[in-house]
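Visitor: Next up is a structure, given as structure tokens.
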Amino acid sequence: MTIIAVEYVYAADSESARDEHRPGHRAFLGGLSGDYSLVASGPYVDGSGALLLIKAASEQALAEKLAEDPFNANGLVSAVRLTAWSPVTGELSHHA
């Protein structure tokens with residue numbers, strides 16, 4: 001499996017809806033298993049989006065799975081960027 005960096009850009013004026021769907025979003029991420037494994041995730045401090053690091057077999061498979069995330073299913077994310085990533089040094093290097 002490969003680590004895939006996922007960048008969410010939050011939809012404009014979605015803060016209150018994100019607050020409403022955050023428990024489901026976090027449950028979705030915490031429940032990833034089998035072909036998917038959450039390495040780390042969290043929002044950008046400026047509130048513009050979030051970064052998720054997820055182990056998956058492919059970017060395409062992960063993109064399809066992320067469509068189930070309540071933030072995506074409820075239109076709270078305006079853009080998603082997926083990029084395979086190899087952590088060669090530092091605390092996450094054991095995932096490479």
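Ligands are numbered from 1 in the order shown, chains are lettered A, B, ... in the order of the structure tokens, and residues start at 1 in each chain.
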Using DSSP on the backbone, list every residue of chain A that comes out as strand (DSSP E), and give them as a PyMOL selection string.
Guide: chain A and resi 2-10+36-43+49-56+77-85
Visitor: Could those residues be written to a file, using N, CA and C atoms, as an mmCIF file, in the first residue's frame?
Guide:
```
data_model
loop_
_atom_site.group_PDB
_atom_site.id
_atom_site.type_symbol
_atom_site.label_atom_id
_atom_site.label_comp_id
_atom_site.auth_asym_id
_atom_site.auth_seq_id
_atom_site.Cartn_x
_atom_site.Cartn_y
_atom_site.Cartn_z
ATOM 1 N N THR A 2 0.337 2.312 -0.520
ATOM 2 C CA THR A 2 1.022 3.585 -0.653
ATOM 3 C C THR A 2 0.351 4.615 0.243
ATOM 4 N N ILE A 3 1.153 5.508 0.802
ATOM 5 C CA ILE A 3 0.536 6.626 1.509
ATOM 6 C C ILE A 3 0.099 7.645 0.473
ATOM 7 N N ILE A 4 -1.115 8.102 0.613
ATOM 8 C CA ILE A 4 -1.655 9.115 -0.282
ATOM 9 C C ILE A 4 -2.005 10.337 0.541
ATOM 10 N N ALA A 5 -1.435 11.467 0.132
ATOM 11 C CA ALA A 5 -1.759 12.745 0.765
ATOM 12 C C ALA A 5 -3.031 13.253 0.106
ATOM 13 N N VAL A 6 -4.023 13.518 0.922
ATOM 14 C CA VAL A 6 -5.314 14.005 0.441
ATOM 15 C C VAL A 6 -5.497 15.422 0.963
ATOM 16 N N GLU A 7 -5.720 16.338 0.051
ATOM 17 C CA GLU A 7 -5.967 17.713 0.451
ATOM 18 C C GLU A 7 -7.419 18.055 0.165
ATOM 19 N N TYR A 8 -8.130 18.429 1.216
ATOM 20 C CA TYR A 8 -9.501 18.910 1.091
ATOM 21 C C TYR A 8 -9.479 20.436 1.091
ATOM 22 N N VAL A 9 -10.224 21.030 0.193
ATOM 23 C CA VAL A 9 -10.492 22.465 0.230
ATOM 24 C C VAL A 9 -11.965 22.590 0.594
ATOM 25 N N TYR A 10 -12.231 23.245 1.710
ATOM 26 C CA TYR A 10 -13.607 23.349 2.172
ATOM 27 C C TYR A 10 -14.413 24.322 1.314
ATOM 28 N N TYR A 36 -7.765 0.349 3.415
ATOM 29 C CA TYR A 36 -7.506 1.755 3.743
ATOM 30 C C TYR A 36 -7.072 1.856 5.204
ATOM 31 N N SER A 37 -6.088 2.710 5.456
ATOM 32 C CA SER A 37 -5.599 2.893 6.816
ATOM 33 C C SER A 37 -5.243 4.362 7.018
ATOM 34 N N LEU A 38 -5.891 4.997 7.970
ATOM 35 C CA LEU A 38 -5.615 6.397 8.272
ATOM 36 C C LEU A 38 -4.286 6.506 9.011
ATOM 37 N N VAL A 39 -3.380 7.320 8.480
ATOM 38 C CA VAL A 39 -2.090 7.570 9.129
ATOM 39 C C VAL A 39 -2.200 8.807 10.006
ATOM 40 N N ALA A 40 -2.779 9.871 9.471
ATOM 41 C CA ALA A 40 -2.955 11.118 10.216
ATOM 42 C C ALA A 40 -3.936 11.992 9.454
ATOM 43 N N SER A 41 -4.580 12.907 10.178
ATOM 44 C CA SER A 41 -5.454 13.874 9.511
ATOM 45 C C SER A 41 -5.674 15.056 10.428
ATOM 46 N N GLY A 42 -6.037 16.167 9.819
ATOM 47 C CA GLY A 42 -6.361 17.339 10.603
ATOM 48 C C GLY A 42 -6.579 18.541 9.711
ATOM 49 N N PRO A 43 -7.299 19.527 10.241
ATOM 50 C CA PRO A 43 -7.606 20.722 9.459
ATOM 51 C C PRO A 43 -6.430 21.694 9.429
ATOM 52 N N GLY A 49 -9.217 24.188 4.789
ATOM 53 C CA GLY A 49 -9.297 22.801 4.357
ATOM 54 C C GLY A 49 -8.594 21.896 5.330
ATOM 55 N N ALA A 50 -8.163 20.736 4.832
ATOM 56 C CA ALA A 50 -7.530 19.750 5.695
ATOM 57 C C ALA A 50 -6.568 18.887 4.903
ATOM 58 N N LEU A 51 -5.662 18.250 5.633
ATOM 59 C CA LEU A 51 -4.731 17.287 5.054
ATOM 60 C C LEU A 51 -4.979 15.937 5.704
ATOM 61 N N LEU A 52 -5.112 14.911 4.885
ATOM 62 C CA LEU A 52 -5.293 13.548 5.369
ATOM 63 C C LEU A 52 -4.196 12.692 4.759
ATOM 64 N N LEU A 53 -3.573 11.848 5.540
ATOM 65 C CA LEU A 53 -2.590 10.888 5.052
ATOM 66 C C LEU A 53 -3.196 9.510 5.243
ATOM 67 N N ILE A 54 -3.414 8.811 4.127
ATOM 68 C CA ILE A 54 -4.128 7.543 4.163
ATOM 69 C C ILE A 54 -3.372 6.517 3.330
ATOM 70 N N LYS A 55 -3.185 5.331 3.895
ATOM 71 C CA LYS A 55 -2.604 4.229 3.127
ATOM 72 C C LYS A 55 -3.723 3.590 2.301
ATOM 73 N N ALA A 56 -3.430 3.399 1.030
ATOM 74 C CA ALA A 56 -4.421 2.792 0.129
ATOM 75 C C ALA A 56 -3.692 2.143 -1.031
ATOM 76 N N VAL A 77 -16.912 19.927 0.716
ATOM 77 C CA VAL A 77 -15.567 19.994 0.161
ATOM 78 C C VAL A 77 -15.689 20.424 -1.294
ATOM 79 N N SER A 78 -15.027 21.530 -1.643
ATOM 80 C CA SER A 78 -15.131 22.036 -3.020
ATOM 81 C C SER A 78 -14.067 21.454 -3.937
ATOM 82 N N ALA A 79 -12.966 20.949 -3.380
ATOM 83 C CA ALA A 79 -11.909 20.355 -4.196
ATOM 84 C C ALA A 79 -11.159 19.322 -3.371
ATOM 85 N N VAL A 80 -10.740 18.254 -4.048
ATOM 86 C CA VAL A 80 -9.962 17.195 -3.420
ATOM 87 C C VAL A 80 -8.757 16.921 -4.313
ATOM 88 N N ARG A 81 -7.591 16.893 -3.702
ATOM 89 C CA ARG A 81 -6.367 16.573 -4.450
ATOM 90 C C ARG A 81 -5.723 15.371 -3.785
ATOM 91 N N LEU A 82 -5.424 14.338 -4.556
ATOM 92 C CA LEU A 82 -4.769 13.140 -4.049
ATOM 93 C C LEU A 82 -3.411 13.004 -4.715
ATOM 94 N N THR A 83 -2.379 12.736 -3.898
ATOM 95 C CA THR A 83 -1.023 12.596 -4.407
ATOM 96 C C THR A 83 -0.311 11.505 -3.629
ATOM 97 N N ALA A 84 0.231 10.515 -4.332
ATOM 98 C CA ALA A 84 1.019 9.487 -3.661
ATOM 99 C C ALA A 84 2.238 10.154 -3.037
ATOM 100 N N TRP A 85 2.587 9.702 -1.821
ATOM 101 C CA TRP A 85 3.646 10.357 -1.053
ATOM 102 C C TRP A 85 4.527 9.308 -0.389
#
```
Visitor: Give me the residues near Ser14 of chain A as a PyMOL selection string, where near means some atom within 9 Å (using only C-alpha atoms) and where sequence neighbours in that chain fewer than 3 positions away do not count.
Guide: chain A and resi 10-11+17-19+75-77
Visitor: Write out as a list of chain:residue names the set of residues from segment 9-44 of chain A that DSSP, computed on the backbone, places in helix (DSSP H, G or I).
Guide: A:Glu15, A:Ser16, A:Ala17, A:Arg18, A:Asp19, A:Glu20, A:His21, A:Arg22, A:Pro23, A:Gly24, A:His25, A:Arg26, A:Ala27, A:Phe28, A:Leu29, A:Gly30
Visitor: Just write the chosen residues, N, CA, C and O atoms, as a PDB file, in the first residue's frame.
Guide:
```
ATOM      1  N   GLU A  15     -18.811  26.270   7.237  1.00  0.00           N
ATOM      2  CA  GLU A  15     -18.338  26.035   8.606  1.00  0.00           C
ATOM      3  C   GLU A  15     -19.406  25.421   9.509  1.00  0.00           C
ATOM      4  O   GLU A  15     -19.155  24.433  10.196  1.00  0.00           O
ATOM      5  N   SER A  16     -20.612  25.962   9.508  1.00  0.00           N
ATOM      6  CA  SER A  16     -21.645  25.424  10.403  1.00  0.00           C
ATOM      7  C   SER A  16     -22.057  24.012   9.972  1.00  0.00           C
ATOM      8  O   SER A  16     -22.304  23.151  10.825  1.00  0.00           O
ATOM      9  N   ALA A  17     -22.119  23.760   8.685  1.00  0.00           N
ATOM     10  CA  ALA A  17     -22.455  22.416   8.203  1.00  0.00           C
ATOM     11  C   ALA A  17     -21.328  21.435   8.536  1.00  0.00           C
ATOM     12  O   ALA A  17     -21.607  20.278   8.881  1.00  0.00           O
ATOM     13  N   ARG A  18     -20.089  21.875   8.466  1.00  0.00           N
ATOM     14  CA  ARG A  18     -18.976  21.001   8.863  1.00  0.00           C
ATOM     15  C   ARG A  18     -19.054  20.673  10.346  1.00  0.00           C
ATOM     16  O   ARG A  18     -18.811  19.528  10.746  1.00  0.00           O
ATOM     17  N   ASP A  19     -19.420  21.655  11.160  1.00  0.00           N
ATOM     18  CA  ASP A  19     -19.602  21.392  12.592  1.00  0.00           C
ATOM     19  C   ASP A  19     -20.652  20.306  12.797  1.00  0.00           C
ATOM     20  O   ASP A  19     -20.480  19.408  13.620  1.00  0.00           O
ATOM     21  N   GLU A  20     -21.731  20.386  12.027  1.00  0.00           N
ATOM     22  CA  GLU A  20     -22.817  19.413  12.139  1.00  0.00           C
ATOM     23  C   GLU A  20     -22.369  18.012  11.726  1.00  0.00           C
ATOM     24  O   GLU A  20     -22.733  17.019  12.356  1.00  0.00           O
ATOM     25  N   HIS A  21     -21.583  17.919  10.648  1.00  0.00           N
ATOM     26  CA  HIS A  21     -21.203  16.612  10.092  1.00  0.00           C
ATOM     27  C   HIS A  21     -19.844  16.113  10.579  1.00  0.00           C
ATOM     28  O   HIS A  21     -19.433  15.008  10.210  1.00  0.00           O
ATOM     29  N   ARG A  22     -19.152  16.902  11.417  1.00  0.00           N
ATOM     30  CA  ARG A  22     -17.819  16.503  11.889  1.00  0.00           C
ATOM     31  C   ARG A  22     -17.817  15.159  12.625  1.00  0.00           C
ATOM     32  O   ARG A  22     -16.929  14.334  12.387  1.00  0.00           O
ATOM     33  N   PRO A  23     -18.777  14.877  13.511  1.00  0.00           N
ATOM     34  CA  PRO A  23     -18.750  13.557  14.167  1.00  0.00           C
ATOM     35  C   PRO A  23     -18.808  12.400  13.156  1.00  0.00           C
ATOM     36  O   PRO A  23     -18.068  11.424  13.294  1.00  0.00           O
ATOM     37  N   GLY A  24     -19.638  12.518  12.148  1.00  0.00           N
ATOM     38  CA  GLY A  24     -19.723  11.479  11.120  1.00  0.00           C
ATOM     39  C   GLY A  24     -18.458  11.395  10.285  1.00  0.00           C
ATOM     40  O   GLY A  24     -18.004  10.305   9.920  1.00  0.00           O
ATOM     41  N   HIS A  25     -17.877  12.549   9.978  1.00  0.00           N
ATOM     42  CA  HIS A  25     -16.623  12.615   9.223  1.00  0.00           C
ATOM     43  C   HIS A  25     -15.517  11.908   9.997  1.00  0.00           C
ATOM     44  O   HIS A  25     -14.798  11.065   9.450  1.00  0.00           O
ATOM     45  N   ARG A  26     -15.397  12.221  11.272  1.00  0.00           N
ATOM     46  CA  ARG A  26     -14.348  11.601  12.085  1.00  0.00           C
ATOM     47  C   ARG A  26     -14.597  10.109  12.278  1.00  0.00           C
ATOM     48  O   ARG A  26     -13.657   9.304  12.298  1.00  0.00           O
ATOM     49  N   ALA A  27     -15.847   9.710  12.409  1.00  0.00           N
ATOM     50  CA  ALA A  27     -16.176   8.287  12.521  1.00  0.00           C
ATOM     51  C   ALA A  27     -15.817   7.555  11.230  1.00  0.00           C
ATOM     52  O   ALA A  27     -15.299   6.437  11.259  1.00  0.00           O
ATOM     53  N   PHE A  28     -16.098   8.196  10.094  1.00  0.00           N
ATOM     54  CA  PHE A  28     -15.750   7.610   8.800  1.00  0.00           C
ATOM     55  C   PHE A  28     -14.246   7.382   8.718  1.00  0.00           C
ATOM     56  O   PHE A  28     -13.784   6.290   8.380  1.00  0.00           O
ATOM     57  N   LEU A  29     -13.457   8.411   9.022  1.00  0.00           N
ATOM     58  CA  LEU A  29     -11.999   8.292   8.948  1.00  0.00           C
ATOM     59  C   LEU A  29     -11.483   7.259   9.946  1.00  0.00           C
ATOM     60  O   LEU A  29     -10.622   6.439   9.609  1.00  0.00           O
ATOM     61  N   GLY A  30     -12.009   7.271  11.162  1.00  0.00           N
ATOM     62  CA  GLY A  30     -11.586   6.325  12.176  1.00  0.00           C
ATOM     63  C   GLY A  30     -11.967   4.892  11.860  1.00  0.00           C
ATOM     64  O   GLY A  30     -11.342   3.952  12.344  1.00  0.00           O
TER      65      GLY A  30
END
```
Visitor: In Å, how far is it from atom CA of Asp35 of chain A to atom CA of Ala57 of chain A?
Guide: 6.7 Å
Visitor: Ranking A:Tyr44, A:Ala12, A:Ala96, A:Gly31 by minimum distance to Asp69 of chain A and counting only C-alpha atoms, which one comes first?
Guide: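 Result for the nearest residue to Asp69 of chain A: A:Gly31.
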Visitor: State, in Å with one decimal place, the distance from atom CA of Ala61 of chain A to atom CA of Val45 of chain A.
Guide: 28.3 Å
